[in-house]
$ cat my_file19.pdb   # PDB, C-alpha atoms
ATOM      1  CA  MET A   1      29.717  -4.766  -8.797
ATOM      2  CA  ALA A   2      28.735  -8.025  -7.031
ATOM      3  CA  SER A   3      29.785 -11.305  -8.597
ATOM      4  CA  PRO A   4      26.991 -13.496 -10.003
ATOM      5  CA  THR A   5      25.734 -16.336  -7.811
ATOM      6  CA  PHE A   6      25.778 -19.759  -9.478
ATOM      7  CA  HIS A   7      23.347 -22.435  -8.339
ATOM      8  CA  VAL A   8      25.133 -25.778  -7.823
ATOM      9  CA  LEU A   9      23.345 -29.125  -7.329
ATOM     10  CA  VAL A  10      25.384 -31.810  -5.529
ATOM     11  CA  ALA A  11      23.995 -35.355  -5.138
ATOM     12  CA  ASP A  12      26.098 -37.827  -3.161
ATOM     13  CA  PRO A  13      25.192 -40.515  -0.600
ATOM     14  CA  ASP A  14      28.337 -39.749   1.425
ATOM     15  CA  ARG A  15      27.695 -36.891   3.870
ATOM     16  CA  MET A  16      31.413 -36.356   4.379
ATOM     17  CA  GLN A  17      31.781 -35.874   0.628
ATOM     18  CA  LEU A  18      28.917 -33.372   0.639
ATOM     19  CA  GLN A  19      30.555 -31.404   3.424
ATOM     20  CA  LEU A  20      33.868 -31.456   1.562
ATOM     21  CA  VAL A  21      32.312 -30.129  -1.653
ATOM     22  CA  ASP A  22      30.429 -27.480   0.315
ATOM     23  CA  MET A  23      33.715 -26.404   1.910
ATOM     24  CA  LEU A  24      35.567 -26.322  -1.445
ATOM     25  CA  LEU A  25      32.809 -24.189  -2.969
ATOM     26  CA  SER A  26      32.329 -22.042   0.128
ATOM     27  CA  SER A  27      32.105 -18.635  -1.446
ATOM     28  CA  GLY A  28      29.449 -16.037  -2.039
ATOM     29  CA  GLN A  29      29.747 -16.886  -5.729
ATOM     30  CA  TYR A  30      28.141 -20.334  -5.327
ATOM     31  CA  ASP A  31      24.784 -21.354  -3.891
ATOM     32  CA  VAL A  32      25.158 -25.102  -3.175
ATOM     33  CA  HIS A  33      22.094 -27.361  -2.847
ATOM     34  CA  MET A  34      23.021 -30.793  -1.442
ATOM     35  CA  VAL A  35      20.994 -34.027  -1.578
ATOM     36  CA  GLU A  36      21.810 -37.633  -0.707
ATOM     37  CA  SER A  37      19.636 -39.548  -3.195
ATOM     38  CA  GLY A  38      18.771 -39.618  -6.862
ATOM     39  CA  ARG A  39      15.085 -39.123  -6.074
ATOM     40  CA  ASP A  40      15.832 -35.890  -4.215
ATOM     41  CA  ALA A  41      18.026 -34.731  -7.099
ATOM     42  CA  LEU A  42      15.234 -35.376  -9.628
ATOM     43  CA  GLU A  43      12.681 -33.665  -7.371
ATOM     44  CA  HIS A  44      14.947 -30.627  -7.264
ATOM     45  CA  LEU A  45      15.386 -30.672 -11.056
ATOM     46  CA  LYS A  46      11.607 -30.615 -11.581
ATOM     47  CA  GLY A  47      11.459 -26.953 -10.630
ATOM     48  CA  ALA A  48      15.059 -25.708 -10.521
ATOM     49  CA  THR A  49      17.625 -25.104 -13.242
ATOM     50  CA  PRO A  50      21.068 -25.446 -11.665
ATOM     51  CA  ASP A  51      23.993 -23.760 -13.350
ATOM     52  CA  ILE A  52      26.020 -26.967 -12.814
ATOM     53  CA  ALA A  53      25.379 -30.408 -11.287
ATOM     54  CA  LEU A  54      27.761 -32.764  -9.470
ATOM     55  CA  LEU A  55      26.262 -36.274  -9.363
ATOM     56  CA  ALA A  56      27.663 -39.426  -7.762
ATOM     57  CA  LEU A  57      27.622 -42.536  -9.910
ATOM     58  CA  ASN A  58      26.833 -44.726  -6.907
ATOM     59  CA  LEU A  59      23.605 -43.111  -5.720
ATOM     60  CA  ASP A  60      21.537 -45.948  -4.251
ATOM     61  CA  ASP A  61      18.238 -45.395  -6.063
ATOM     62  CA  VAL A  62      19.122 -43.625  -9.327
ATOM     63  CA  PRO A  63      22.756 -43.637 -10.552
ATOM     64  CA  GLY A  64      24.275 -40.274 -11.409
ATOM     65  CA  ASP A  65      24.796 -41.187 -15.076
ATOM     66  CA  VAL A  66      21.063 -41.967 -15.419
ATOM     67  CA  ILE A  67      20.205 -38.534 -14.005
ATOM     68  CA  CYS A  68      22.743 -36.970 -16.379
ATOM     69  CA  GLY A  69      21.009 -38.699 -19.302
ATOM     70  CA  LYS A  70      17.690 -37.202 -18.213
ATOM     71  CA  ILE A  71      19.251 -33.752 -17.900
ATOM     72  CA  ARG A  72      20.591 -33.978 -21.453
ATOM     73  CA  ARG A  73      17.095 -34.736 -22.788
ATOM     74  CA  VAL A  74      15.333 -31.774 -21.152
ATOM     75  CA  SER A  75      15.496 -28.516 -23.106
ATOM     76  CA  ARG A  76      15.535 -26.363 -19.965
ATOM     77  CA  LEU A  77      18.533 -28.269 -18.580
ATOM     78  CA  ALA A  78      20.384 -28.958 -21.840
ATOM     79  CA  ARG A  79      23.100 -26.354 -21.135
ATOM     80  CA  THR A  80      23.697 -27.439 -17.529
ATOM     81  CA  PRO A  81      27.233 -28.892 -17.219
ATOM     82  CA  VAL A  82      27.403 -32.212 -15.363
ATOM     83  CA  ILE A  83      30.321 -33.588 -13.347
ATOM     84  CA  LEU A  84      30.050 -37.264 -12.414
ATOM     85  CA  ILE A  85      31.718 -38.434  -9.199
ATOM     86  CA  ALA A  86      33.045 -42.011  -9.449
ATOM     87  CA  PRO A  87      34.487 -44.319  -6.792
ATOM     88  CA  GLN A  88      38.264 -44.222  -6.885
ATOM     89  CA  SER A  89      39.694 -47.175  -8.786
ATOM     90  CA  GLY A  90      42.539 -48.042 -11.127
ATOM     91  CA  ARG A  91      45.938 -46.518 -11.619
ATOM     92  CA  PHE A  92      44.740 -42.984 -12.293
ATOM     93  CA  GLY A  93      41.781 -42.997  -9.911
ATOM     94  CA  LEU A  94      39.125 -43.946 -12.497
ATOM     95  CA  ASP A  95      38.364 -47.264 -14.134
ATOM     96  CA  ASP A  96      37.354 -47.681 -17.780
ATOM     97  CA  ALA A  97      33.771 -48.562 -16.852
ATOM     98  CA  SER A  98      33.231 -45.225 -15.084
ATOM     99  CA  ARG A  99      34.742 -43.319 -17.996
ATOM    100  CA  ALA A 100      32.533 -45.233 -20.450
ATOM    101  CA  ARG A 101      29.399 -44.485 -18.426
ATOM    102  CA  ALA A 102      30.294 -40.789 -18.374
ATOM    103  CA  ARG A 103      30.879 -40.704 -22.153
ATOM    104  CA  ARG A 104      27.671 -42.597 -22.863
ATOM    105  CA  VAL A 105      25.463 -39.960 -21.240
ATOM    106  CA  GLY A 106      27.466 -36.921 -22.369
ATOM    107  CA  ALA A 107      28.867 -35.875 -19.001
ATOM    108  CA  ASP A 108      31.246 -32.917 -19.156
ATOM    109  CA  LEU A 109      33.700 -34.318 -16.616
ATOM    110  CA  VAL A 110      34.180 -37.373 -14.401
ATOM    111  CA  LEU A 111      36.237 -37.123 -11.199
ATOM    112  CA  PRO A 112      37.275 -39.733  -8.615
ATOM    113  CA  ARG A 113      36.172 -39.352  -5.033
ATOM    114  CA  PRO A 114      36.966 -37.998  -2.612
ATOM    115  CA  LEU A 115      36.809 -34.560  -4.201
ATOM    116  CA  GLY A 116      39.625 -33.208  -2.094
ATOM    117  CA  ASP A 117      41.259 -31.403  -4.987
ATOM    118  CA  LYS A 118      41.586 -27.691  -4.224
ATOM    119  CA  ASN A 119      41.221 -27.077  -7.961
ATOM    120  CA  LEU A 120      37.572 -28.175  -7.882
ATOM    121  CA  ARG A 121      36.427 -24.548  -7.834
ATOM    122  CA  GLU A 122      38.534 -23.790 -10.932
ATOM    123  CA  ARG A 123      37.141 -26.874 -12.706
ATOM    124  CA  VAL A 124      33.581 -25.849 -11.860
ATOM    125  CA  GLN A 125      34.160 -22.256 -12.966
ATOM    126  CA  GLY A 126      35.787 -23.447 -16.202
ATOM    127  CA  LEU A 127      32.669 -25.462 -17.103
ATOM    128  CA  LEU A 128      30.442 -22.531 -16.173
ATOM    129  CA  ASP A 129      32.452 -20.252 -18.459
ATOM    130  CA  ALA A 130      32.271 -22.816 -21.288
ATOM    131  CA  ARG A 131      28.438 -22.703 -21.212
ATOM    132  CA  GLU A 132      28.671 -19.544 -23.319
ATOM    133  CA  TYR A 133      29.853 -21.673 -26.232
ATOM    134  CA  THR A 134      27.233 -24.397 -25.779
ATOM    135  CA  PRO A 135      24.480 -23.951 -28.373
ATOM    136  CA  PRO A 136      20.854 -24.362 -27.233
ATOM    137  CA  ARG A 137      19.328 -27.718 -28.082
ATOM    138  CA  GLU A 138      15.765 -28.786 -28.646
ATOM    139  CA  GLY A 139      14.583 -31.474 -26.289
ATOM    140  CA  HIS A 140      11.715 -32.528 -24.081
ATOM    141  CA  SER A 141       9.903 -30.861 -21.231
ATOM    142  CA  THR A 142      10.346 -31.659 -17.556
ATOM    143  CA  VAL A 143       7.935 -34.569 -18.043
ATOM    144  CA  ILE A 144      11.092 -36.654 -18.568
ATOM    145  CA  ILE A 145      12.012 -35.956 -14.941
ATOM    146  CA  GLU A 146       8.496 -36.696 -13.723
ATOM    147  CA  GLU A 147       8.413 -40.034 -15.552
ATOM    148  CA  ALA A 148      11.788 -40.938 -14.048
ATOM    149  CA  LEU A 149      10.430 -40.216 -10.556
ATOM    150  CA  GLU A 150       7.395 -42.421 -11.208
ATOM    151  CA  GLU A 151       9.652 -45.299 -12.221
ATOM    152  CA  ILE A 152      11.688 -45.238  -9.001
ATOM    153  CA  PRO A 153      10.493 -48.050  -6.717
ATOM    154  CA  LEU A 154       8.910 -46.919  -3.491
ATOM    155  CA  GLU A 155      10.688 -47.850  -0.282
ATOM    156  CA  GLY A 156      10.396 -51.616   0.136
ATOM    157  CA  GLU A 157       9.515 -52.314  -3.496
ATOM    158  CA  GLY A 158      11.951 -54.264  -5.602
ATOM    159  CA  ALA A 159      13.864 -55.483  -2.540
ATOM    160  CA  ALA A 160      15.418 -58.924  -2.511
ATOM    161  CA  PRO A 161      13.205 -61.606  -0.898
ATOM    162  CA  PRO A 162      14.254 -62.860   2.542
ATOM    163  CA  PRO A 163      16.319 -66.085   2.729
ATOM    164  CA  GLY A 164      14.335 -69.221   1.912
ATOM    165  CA  ARG A 165      11.561 -67.394   0.094
ATOM    166  CA  ASP A 166      10.628 -68.629  -3.349
ATOM    167  CA  ALA A 167      12.121 -66.397  -6.037
ATOM    168  CA  GLN A 168       8.772 -66.426  -7.860
ATOM    169  CA  GLU A 169       7.221 -64.571  -4.926
ATOM    170  CA  ALA A 170       9.610 -61.644  -5.258
ATOM    171  CA  PRO A 171       7.953 -58.206  -5.568
ATOM    172  CA  PRO A 172       7.188 -57.189  -9.149
ATOM    173  CA  ALA A 173       9.504 -54.869 -11.030
ATOM    174  CA  PRO A 174       8.603 -51.160 -11.260
ATOM    175  CA  ARG A 175       6.200 -50.069 -13.966
ATOM    176  CA  ASN A 176       7.734 -49.929 -17.470
ATOM    177  CA  ALA A 177      11.092 -51.127 -16.142
ATOM    178  CA  THR A 178      13.185 -53.597 -18.133
ATOM    179  CA  PRO A 179      16.116 -55.496 -16.592
ATOM    180  CA  PRO A 180      19.371 -54.049 -17.991
ATOM    181  CA  PRO A 181      22.239 -56.180 -19.302
ATOM    182  CA  ALA A 182      24.555 -57.501 -16.607
ATOM    183  CA  ASP A 183      27.514 -55.424 -17.816
ATOM    184  CA  GLU A 184      25.612 -52.143 -18.154
ATOM    185  CA  PRO A 185      24.373 -49.718 -15.454
ATOM    186  CA  ALA A 186      20.683 -49.834 -14.553
ATOM    187  CA  THR A 187      18.512 -47.253 -16.293
ATOM    188  CA  LEU A 188      15.016 -46.023 -15.661
ATOM    189  CA  ALA A 189      13.965 -46.150 -19.287
ATOM    190  CA  GLY A 190      14.646 -49.868 -19.755
ATOM    191  CA  ALA A 191      16.969 -51.563 -22.206
ATOM    192  CA  SER A 192      17.550 -49.751 -25.491
ATOM    193  CA  ASP A 193      17.497 -51.276 -28.962
ATOM    194  CA  ALA A 194      21.291 -51.185 -28.972
ATOM    195  CA  ASP A 195      21.278 -53.681 -26.089
ATOM    196  CA  GLN A 196      19.385 -56.138 -28.326
ATOM    197  CA  ALA A 197      21.908 -55.835 -31.175
ATOM    198  CA  SER A 198      24.602 -58.337 -32.008
ATOM    199  CA  PRO A 199      28.121 -57.881 -30.587
ATOM    200  CA  GLU A 200      29.344 -56.690 -34.004
ATOM    201  CA  ASP A 201      26.589 -54.076 -34.241
ATOM    202  CA  GLN A 202      27.236 -52.949 -30.674
ATOM    203  CA  GLU A 203      30.918 -52.546 -31.464
ATOM    204  CA  THR A 204      30.063 -50.501 -34.569
ATOM    205  CA  LEU A 205      27.674 -48.319 -32.551
ATOM    206  CA  ALA A 206      30.321 -47.818 -29.891
ATOM    207  CA  ARG A 207      32.830 -46.677 -32.540
ATOM    208  CA  LEU A 208      30.282 -44.302 -34.048
ATOM    209  CA  ARG A 209      29.440 -42.842 -30.633
ATOM    210  CA  HIS A 210      33.124 -42.365 -29.922
ATOM    211  CA  GLU A 211      33.587 -40.610 -33.279
ATOM    212  CA  VAL A 212      30.597 -38.340 -32.627
ATOM    213  CA  GLU A 213      31.936 -37.452 -29.172
ATOM    214  CA  ARG A 214      35.349 -36.689 -30.675
ATOM    215  CA  LEU A 215      33.817 -34.430 -33.332
ATOM    216  CA  GLU A 216      31.646 -32.649 -30.754
ATOM    217  CA  LEU A 217      34.715 -32.044 -28.603
ATOM    218  CA  GLU A 218      36.659 -30.699 -31.595
ATOM    219  CA  ASN A 219      33.728 -28.455 -32.536
ATOM    220  CA  THR A 220      33.545 -27.104 -28.996
ATOM    221  CA  GLN A 221      37.272 -26.400 -28.991
ATOM    222  CA  LEU A 222      37.013 -24.733 -32.417
ATOM    223  CA  ARG A 223      34.126 -22.528 -31.282
ATOM    224  CA  ARG A 224      36.129 -21.573 -28.229
ATOM    225  CA  LYS A 225      39.168 -20.638 -30.327
ATOM    226  CA  LEU A 226      37.006 -18.638 -32.730
ATOM    227  CA  ALA A 227      35.411 -16.811 -29.818
ATOM    228  CA  GLU A 228      38.842 -16.073 -28.334
ATOM    229  CA  ARG A 229      40.068 -14.722 -31.681
ATOM    230  CA  ALA A 230      36.928 -12.628 -32.042
ATOM    231  CA  ASN A 231      37.499 -11.189 -28.573
ATOM    232  CA  GLU A 232      41.144 -10.462 -29.436
ATOM    233  CA  ARG A 233      40.092  -8.769 -32.694
ATOM    234  CA  LYS A 234      37.499  -6.740 -30.815
ATOM    235  CA  ALA A 235      40.113  -5.682 -28.284
ATOM    236  CA  ARG A 236      42.508  -4.657 -31.083
ATOM    237  CA  ASP A 237      39.736  -2.737 -32.845
ATOM    238  CA  GLU A 238      38.846  -0.944 -29.619
ATOM    239  CA  ALA A 239      42.523  -0.082 -29.029
ATOM    240  CA  THR A 240      42.843   1.174 -32.621
ATOM    241  CA  GLN A 241      39.694   3.266 -32.319
ATOM    242  CA  LYS A 242      40.958   4.693 -29.049
ATOM    243  CA  THR A 243      44.263   5.641 -30.731
ATOM    244  CA  ILE A 244      42.410   7.254 -33.642
ATOM    245  CA  THR A 245      40.188   9.215 -31.263
ATOM    246  CA  GLU A 246      43.230  10.435 -29.339
ATOM    247  CA  LEU A 247      45.013  11.470 -32.554
ATOM    248  CA  GLU A 248      41.911  13.314 -33.752
ATOM    249  CA  ARG A 249      41.708  15.109 -30.424
ATOM    250  CA  ARG A 250      45.353  16.129 -30.628
ATOM    251  CA  ASN A 251      44.958  17.201 -34.266
ATOM    252  CA  LYS A 252      41.957  19.345 -33.377
ATOM    253  CA  SER A 253      43.911  20.932 -30.536
ATOM    254  CA  LEU A 254      46.779  21.746 -32.905
ATOM    255  CA  LEU A 255      44.412  23.186 -35.505
ATOM    256  CA  ASP A 256      42.693  25.289 -32.865
ATOM    257  CA  ALA A 257      46.078  26.547 -31.644
ATOM    258  CA  LEU A 258      47.128  27.355 -35.234
ATOM    259  CA  GLU A 259      43.937  29.290 -35.890
ATOM    260  CA  GLU A 260      44.482  31.208 -32.681
ATOM    261  CA  LEU A 261      48.035  32.113 -33.753
ATOM    262  CA  LYS A 262      46.761  33.222 -37.163
ATOM    263  CA  GLY A 263      44.199  35.422 -35.482
ATOM    264  CA  ARG A 264      46.798  37.005 -33.271
ATOM    265  CA  GLY A 265      49.110  37.646 -36.267
ATOM    266  CA  GLY A 266      46.340  39.356 -38.207
ATOM    267  CA  ASN A 267      45.475  41.634 -35.338
ATOM    268  CA  GLU A 268      49.115  42.589 -34.825
ATOM    269  CA  GLY A 269      49.537  43.353 -38.580
ATOM    270  CA  ARG A 270      46.559  45.666 -38.604
ATOM    271  CA  GLY A 271      47.803  47.461 -35.540
ATOM    272  CA  GLY A 272      51.405  47.956 -36.766
ATOM    273  CA  GLY A 273      52.775  45.259 -34.504
ATOM    274  CA  LEU A 274      55.855  43.199 -35.015
ATOM    275  CA  PHE A 275      55.245  42.551 -38.720
ATOM    276  CA  GLY A 276      53.056  45.616 -39.364
ATOM    277  CA  ARG A 277      54.078  48.391 -41.744
ATOM    278  CA  ARG A 278      55.358  51.476 -40.010
ATOM    279  CA  LYS A 279      53.886  54.765 -41.065
TER     280      LYS A 279
END

$ encode --input "my_file19.pdb" --output "C-alpha cells"
Amino acid sequence: MASPTFHVLVADPDRMQLQLVDMLLSSGQYDVHMVESGRDALEHLKGATPDIALLALNLDDVPGDVICGKIRRVSRLARTPVILIAPQSGRFGLDDASRARARRVGADLVLPRPLGDKNLRERVQGLLDAREYTPPREGHSTVIIEEALEEIPLEGEGAAPPPGRDAQEAPPAPRNATPPPADEPATLAGASDADQASPEDQETLARLRHEVERLELENTQLRRKLAERANERKARDEATQKTITELERRNKSLLDALEELKGRGGNEGRGGGLFGRRK
C-alpha cells in the first residue's frame, strides 16, 4: 500500500534555504511547493489547502506570522500546522521577539534558520500526525486571503522617497492599512484595539493570552494521552477477543473429537467390540 502524499507549502526569500528544505523533505511522501514571497504564498493558499506550511518570518512583503494569522482565521485552513522560520539569534538560536510573534498568531512551531536539522522530517511528520487531535474550528472563508492580497502594495508603492524629497510627497499608504506600533511586526489588518490600550491593559492581555495558550497546549496533550489510552484499550480488547476466539475454536475441536469418540464407542458396543457383551 502506497504511503499518503502530504502537500507542503514553503515560503522563504532565501533560495538556498528552499533548496535545503526540499532536500530534507525529498521523499515520495511529500509534495513540496516552494515560493519566495508572501504574495505568492497567499496566492497559493487561495485555492490550495496544504497539509503543513513552513513560513519565513522575514518575507519581504508579508511576514510569515501575518500569513499564519490569516491561515488561523480561515475555516478551510484551520487545521493546517504552521512552522515559522526565524533568523538565528540569541543563545539558543531564537530571540524572545520571534518566539512572541509565533505565540501571538498560534504557530505550532518556530525554528531558527538555516533548517539544516536532519530531524526536520520527523518534526513535520509529528505535526501532521497531531492534526488528528485538532478539532475543527469555525472561521471565515478564503475572502480573508483575498483581502490580504488586495492590501499588499503593488511594486513601487509604499517605497521610501528618494533623498532630498519632501516627506509629505511620499506615496500614500495601502488601502485600509494602519501603521503598526514600532515594537510590533507589521500586519495587513492594521493596528488592533489592544495596541491602543494602556501598558497595564496590554500586560494583562498578554498574561491572559499566555494562560489561554498554556491551557490549549495542556488540552492538546490531554487529548493525545486519551487517544493513546483508547488505542491501547482497543488493542487489548482485540487481543482478548482473539484469545477468546482461539479458545472457542479449540473447545469446539475438543467437543467434536469427544463426540466422535462417543460415536465410535457406541458402534463397538453394538457390534460386540472391546466393551461389548459376548454371546

$ closest_residue --input "my_file19.pdb" --among "A:Leu111, A:Leu128, A:Ile67, A:Leu57" --to "Pro4 of chain A" --atoms "all atoms listed in the file"
A:Leu128

$ closest_residue --input "my_file19.pdb" --among "A:Val62, A:Ala257, A:Leu77, A:Val32" --to "Pro153 of chain A" --atoms "only C-alpha atoms"
A:Val62

$ atom_distance --input "my_file19.pdb" --atom1 "atom CA of Pro13 of chain A" --atom2 "atom CA of Ile85 of chain A"
11.0 Å

$ residues_around --input "my_file19.pdb" --residues "Leu9 of chain A" --least-positions-apart "3" --cutoff "10 Å" --atoms "all atoms listed in the file" --output "PyMOL selection string"
chain A and resi 6+31-35+41+44-45+48-55+82

$ resolve_selection --input "my_file19.pdb" --expression "the PyMOL selection byres ((chain A and resi 43) around 12)" --output "VMD selection string"
chain A and resid 9 11 35 to 42 44 to 49 67 142 to 150 152

$ resolve_selection --input "my_file19.pdb" --expression "the PyMOL selection byres ((chain A and resi 17) around 12)" --output "compact mmCIF listing (two decimals) with C-alpha atoms, keeping the file's coordinate frame"
# COMPACT_ATOMS: atom_id res chain seq x y z
CA VAL A 10 25.38 -31.81 -5.53
CA ALA A 11 24.00 -35.35 -5.14
CA ASP A 12 26.10 -37.83 -3.16
CA PRO A 13 25.19 -40.52 -0.60
CA ASP A 14 28.34 -39.75 1.42
CA ARG A 15 27.70 -36.89 3.87
CA MET A 16 31.41 -36.36 4.38
CA LEU A 18 28.92 -33.37 0.64
CA GLN A 19 30.56 -31.40 3.42
CA LEU A 20 33.87 -31.46 1.56
CA VAL A 21 32.31 -30.13 -1.65
CA ASP A 22 30.43 -27.48 0.32
CA MET A 23 33.72 -26.40 1.91
CA LEU A 24 35.57 -26.32 -1.44
CA MET A 34 23.02 -30.79 -1.44
CA VAL A 35 20.99 -34.03 -1.58
CA GLU A 36 21.81 -37.63 -0.71
CA LEU A 54 27.76 -32.76 -9.47
CA LEU A 55 26.26 -36.27 -9.36
CA ALA A 56 27.66 -39.43 -7.76
CA ILE A 85 31.72 -38.43 -9.20
CA ALA A 86 33.04 -42.01 -9.45
CA PRO A 87 34.49 -44.32 -6.79
CA PRO A 112 37.28 -39.73 -8.62
CA ARG A 113 36.17 -39.35 -5.03
CA PRO A 114 36.97 -38.00 -2.61
CA LEU A 115 36.81 -34.56 -4.20
CA GLY A 116 39.62 -33.21 -2.09
CA ASP A 117 41.26 -31.40 -4.99

$ atom_distance --input "my_file19.pdb" --atom1 "atom CA of Leu261 of chain A" --atom2 "atom CA of Ile244 of chain A"
25.5 Å

$ atom_distance --input "my_file19.pdb" --atom1 "atom CA of Val105 of chain A" --atom2 "atom CA of Gln29 of chain A"
28.1 Å
